[in-house]
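Read through the structure below, which is laid out as structure tokens, and then see the notes.
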Amino acid sequence: MIILPVDQGFEHGPARSFAPNPAAYDPAYHFQLAIDAGLNAYASLLGFLEAGAAEFAGEIPLILKLNAHDLLHDEKDPLGALTASVSDALRLGCVAIGYTIYPGTAERRLQYEQLRELAAEAKAAGLVVVVWSYPRGGGLSKEGETALDVIAYGAQIAALLGAHIIKVKMPTAHLELPEARKVYEEQKIPRDTAAERVRHVVQSAFDGQRIVLFSGGPMEGDEALFAEGRAIREGGGFGSIIGRNSFQRDKSAALRLLDEMVRIYQE
């Protein structure tokens with residue numbers, strides 16, 4: 001599964017998101033990119049989906065992100081704002097809702113309780129629930145945000161909150177939490193390779209009974225992305241959510257990249 005997510009204009013600002021490929025300022029560009037690449041779904045915020053949902057109806061499954069967070073106020077413990085509703089998702093013909101949680105932040109309880117209510121409403125309407133799980137804030141170091149024990153913990157929390165599909169960042173071999181480190185070392189949980197780390201994160205999401213997708217992250221070279229894709233495949237991951245690495249390339253380069261990612265996952 002490969003999903004195109006475009007919420008970066010809210011999360012990082014328009015120039016940081018779209019200036020490398022100015023065609024991407026146009027919401028219709030992302031619909032067409034996802035369609036032309038043959039992706040499984042396109043995820044975005046209310047305004048972007050409203051700008052093209054009617055024109056592209058039925059051509060690509062849509063996921064409406066229900067919350068978002070801007071960077072105009074520097075904060076150690078981020079808290080996303082609720083920017084859309086389940087009724088908006090139904091009105092736009094979406095197949096799923098998306099919601100970001102920040103395990104480890106001061107306001108995580110509010111996020112968990114808000115997600116519980118939204119997930120219940122979405123499931124009652126027959127929609128899939130996709131959870132972006134990004135641990136940060138609190139006592140976590142920057143390195144700890146992608147530590148294997150922390151990423152696995154975030155995946156488990158998302159699964160326990162009722163997610164059908166879980167998005168996490170690629171984990172590193174770093175272990176952040178002292179009590180967790182003891183268990184990882186005592187039980188000799190493999191973590192030397194990217195594939196081993198992916199396997200553990202998938203195991204933490206109900207032993208692979210929930211779909212776990214991995215973030216493409218900031219722009220990087222094609223070969224680095226292909227190596228990540230092979231590690232995800234070999235580790236039993238279900239695929240990728242690739243945003244900036246798709247729409248910050250010109251369209252022809254993006255289509256070549258996504259075509260190769262599809263090929264890697266189909267091997």
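Every chain in the structure tokens takes a letter, A first, then B, and so on in the order presented; its residues are numbered from 1, and the ligands are numbered from 1 following the presented order.
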Sorted per-residue table, region 94-202 of chain A near region 218-230 of chain A, closest atoms and distance, 10 Å, only C-alpha atoms, as JSON lines:
{"residue": "A:Met170", "atom": "CA", "partner": "A:Glu228", "partner_atom": "CA", "distance": 8.3}
{"residue": "A:Ala194", "atom": "CA", "partner": "A:Glu228", "partner_atom": "CA", "distance": 7.6}
{"residue": "A:Ala195", "atom": "CA", "partner": "A:Arg230", "partner_atom": "CA", "distance": 8.1}
{"residue": "A:Val198", "atom": "CA", "partner": "A:Glu228", "partner_atom": "CA", "distance": 9.9}
Residues of region 98-141 of chain A at most 7 Å from region 61-72 of chain A: nearest atom pair and distance in Å, only C-alpha atoms, as a tab-separated table:
residue	atom	partner	partner_atom	distance
A:Gly98	CA	A:Lys65	CA	4.3
A:Tyr99	CA	A:Leu66	CA	5.6
A:Thr100	CA	A:Asn67	CA	6.7
With all heavy atoms retained, could you export that selection as a PDB file, in the first residue's frame?
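Final output, saved to again_20.pdb:
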ATOM      1  N   GLY A  98      -8.336  10.422   8.909  1.00  0.00           N
ATOM      2  CA  GLY A  98      -6.996  10.354   9.473  1.00  0.00           C
ATOM      3  C   GLY A  98      -6.895  11.266  10.680  1.00  0.00           C
ATOM      4  O   GLY A  98      -7.603  12.284  10.758  1.00  0.00           O
ATOM      5  N   TYR A  99      -6.028  10.903  11.622  1.00  0.00           N
ATOM      6  CA  TYR A  99      -5.869  11.700  12.843  1.00  0.00           C
ATOM      7  C   TYR A  99      -4.453  11.483  13.357  1.00  0.00           C
ATOM      8  O   TYR A  99      -3.968  10.344  13.381  1.00  0.00           O
ATOM      9  CB  TYR A  99      -6.895  11.258  13.887  1.00  0.00           C
ATOM     10  CG  TYR A  99      -6.943  12.112  15.145  1.00  0.00           C
ATOM     11  CD1 TYR A  99      -7.849  13.161  15.257  1.00  0.00           C
ATOM     12  CD2 TYR A  99      -6.084  11.866  16.210  1.00  0.00           C
ATOM     13  CE1 TYR A  99      -7.901  13.948  16.406  1.00  0.00           C
ATOM     14  CE2 TYR A  99      -6.123  12.645  17.352  1.00  0.00           C
ATOM     15  CZ  TYR A  99      -7.044  13.690  17.444  1.00  0.00           C
ATOM     16  OH  TYR A  99      -7.091  14.467  18.577  1.00  0.00           O
ATOM     17  N   THR A 100      -3.801  12.565  13.761  1.00  0.00           N
ATOM     18  CA  THR A 100      -2.438  12.479  14.294  1.00  0.00           C
ATOM     19  C   THR A 100      -2.439  12.540  15.809  1.00  0.00           C
ATOM     20  O   THR A 100      -3.065  13.436  16.394  1.00  0.00           O
ATOM     21  CB  THR A 100      -1.560  13.621  13.752  1.00  0.00           C
ATOM     22  OG1 THR A 100      -1.463  13.504  12.337  1.00  0.00           O
ATOM     23  CG2 THR A 100      -0.151  13.552  14.343  1.00  0.00           C
TER      24      THR A 100
END
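All residues of protein, DNA or RNA that reach within 7 Å of region 243-260 of chain A, judged by only C-alpha atoms and not counting those fewer than 2 positions away in the chain, are Leu4, Pro5, Val6, Phe18, Pro20, Asn21, Ala24, Ala37, Gly216, Pro218, Met219, Glu220, Asp222, Ile241, Val262, Arg263 and Ile264 of chain A.
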Within 8 Å of region 146-165 of chain A, which residues of region 19-126 of chain A show up? Give each one with its shortest atom-to-atom distance in Å (one decimal) and the two atoms involved, counting only C-alpha atoms, rows by chain then rising residue number, as a tab-separated table.
residue	atom	partner	partner_atom	distance
A:Pro103	CA	A:Gly154	CA	6.4
A:Tyr112	CA	A:Leu161	CA	7.2
A:Leu115	CA	A:Leu161	CA	7.5
A:Arg116	CA	A:Leu161	CA	6.5
A:Ala119	CA	A:Gly162	CA	7.1
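Going from CA of Gly144 (chain A) to CA of Gly104 (chain A) covers 10.8 Å.
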Go ahead and compute the interatomic distance for CA of Ala34 (chain A) and CA of Tyr134 (chain A), in Å to one decimal.
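CA of Tyr134 (chain A) lies at a distance of 24.0 Å from CA of Ala34 (chain A).
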Report the residues of region 71-162 of chain A whose backbone DSSP state falls under strand (DSSP E), written as a PyMOL selection string.
chain A and resi 81-82+96-101+128-133
What is the CA of Glu234 (chain A)-CA of Pro171 (chain A) distance in Å, reported with one decimal?
14.7 Å
In terms of the shortest atom-to-atom distance over only C-alpha atoms, which of A:Ala54, A:Ala19, A:Ala106, A:Ile242 is closest to Pro78 (chain A)?
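That would be A:Ala106, the residue with the smallest distance to Pro78 (chain A).
Of the listed residues A:Leu127, A:Leu45, A:Ile101, A:Ile166, the one whose atoms come nearest to Val202 (chain A) is A:Ile166, with distances taken using only C-alpha atoms.
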Please identify which residues in region 17-252 of chain A DSSP calls alpha helix (DSSP H) from the backbone, and express them as number ranges by chain.
A: 17-18, 27-36, 46-50, 86-91, 108-124, 148-160, 178-186, 194-204, 222-234, 244-247, 251-252
Nearby residues (only C-alpha atoms) at most 8 Å from Arg136 (chain A), same-chain spacing under 6 positions excluded, as a PyMOL selection string
chain A and resi 77+102-105+142+145
Within 9 Å of Gly9 (chain A), counting only C-alpha atoms, which residues qualify if same-chain residues fewer than 4 places away don't, as a PyMOL selection string?
chain A and resi 13-18+25+70
File dump, residues just selected, all heavy atoms, as a short mmCIF file (atom, residue, chain, number, x, y, z; two decimals), in the first residue's frame:
data_model
loop_
_atom_site.label_atom_id
_atom_site.label_comp_id
_atom_site.auth_asym_id
_atom_site.auth_seq_id
_atom_site.Cartn_x
_atom_site.Cartn_y
_atom_site.Cartn_z
N GLY A 13 4.20 24.99 6.21
CA GLY A 13 4.07 26.23 5.46
C GLY A 13 4.16 25.98 3.96
O GLY A 13 4.76 25.00 3.52
N PRO A 14 3.57 26.88 3.16
CA PRO A 14 3.48 26.63 1.72
C PRO A 14 4.82 26.62 0.99
O PRO A 14 5.06 25.75 0.15
CB PRO A 14 2.58 27.76 1.22
CG PRO A 14 2.67 28.82 2.27
CD PRO A 14 2.86 28.09 3.57
N ALA A 15 5.70 27.58 1.27
CA ALA A 15 6.96 27.63 0.53
C ALA A 15 7.83 26.41 0.83
O ALA A 15 8.40 25.81 -0.09
CB ALA A 15 7.71 28.92 0.86
N ARG A 16 7.94 26.06 2.10
CA ARG A 16 8.75 24.89 2.46
C ARG A 16 8.20 23.62 1.83
O ARG A 16 8.94 22.68 1.56
CB ARG A 16 8.81 24.72 3.99
CG ARG A 16 9.68 25.74 4.70
CD ARG A 16 9.61 25.53 6.21
NE ARG A 16 10.05 24.21 6.61
CZ ARG A 16 9.95 23.73 7.85
NH1 ARG A 16 9.40 24.48 8.80
NH2 ARG A 16 10.38 22.53 8.15
N SER A 17 6.90 23.59 1.61
CA SER A 17 6.27 22.40 1.07
C SER A 17 6.29 22.35 -0.45
O SER A 17 6.62 21.32 -1.04
CB SER A 17 4.83 22.31 1.56
OG SER A 17 4.77 22.28 2.97
N PHE A 18 5.94 23.48 -1.10
CA PHE A 18 5.65 23.43 -2.52
C PHE A 18 6.60 24.20 -3.43
O PHE A 18 6.58 24.00 -4.65
CB PHE A 18 4.22 23.93 -2.76
CG PHE A 18 3.19 23.22 -1.93
CD1 PHE A 18 2.26 23.94 -1.17
CD2 PHE A 18 3.14 21.84 -1.87
CE1 PHE A 18 1.32 23.29 -0.40
CE2 PHE A 18 2.20 21.17 -1.08
CZ PHE A 18 1.29 21.90 -0.35
N TYR A 25 1.45 23.74 -5.66
CA TYR A 25 0.59 24.69 -4.97
C TYR A 25 -0.89 24.44 -5.31
O TYR A 25 -1.78 24.81 -4.56
CB TYR A 25 0.95 26.13 -5.34
CG TYR A 25 2.18 26.68 -4.65
CD1 TYR A 25 3.39 26.81 -5.33
CD2 TYR A 25 2.13 27.13 -3.33
CE1 TYR A 25 4.51 27.35 -4.72
CE2 TYR A 25 3.24 27.67 -2.71
CZ TYR A 25 4.43 27.78 -3.40
OH TYR A 25 5.54 28.31 -2.79
N ASP A 70 0.26 23.61 13.24
CA ASP A 70 1.17 24.53 12.54
C ASP A 70 2.41 24.79 13.38
O ASP A 70 2.46 24.49 14.58
CB ASP A 70 0.46 25.84 12.21
CG ASP A 70 0.12 26.65 13.45
OD1 ASP A 70 1.04 27.22 14.06
OD2 ASP A 70 -1.08 26.72 13.82
#
Residue among A:Asp7, A:Gly236, A:Asp26, A:Val95 lying closest to Gln203 (chain A), counting only C-alpha atoms:
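Among A:Asp7, A:Gly236, A:Asp26, A:Val95, it is A:Gly236 that comes nearest to Gln203 (chain A).
With only C-alpha atoms as the atoms that count, the minimum distance from Gln111 (chain A) to the choices A:Leu140, A:Leu90, A:Val168, A:Ala81 is reached by A:Ala81.
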Quick one: of A:Leu92, A:Val86, A:Ile60, A:Val130, who's nearest to Phe48 (chain A), counting only C-alpha atoms?
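Result for the nearest residue to Phe48 (chain A): A:Leu92.
For the choices A:Pro178, A:Arg197, A:Lys76, A:Arg210, the atom-to-atom distance to Val129 (chain A) is smallest for A:Arg210 when using only C-alpha atoms.
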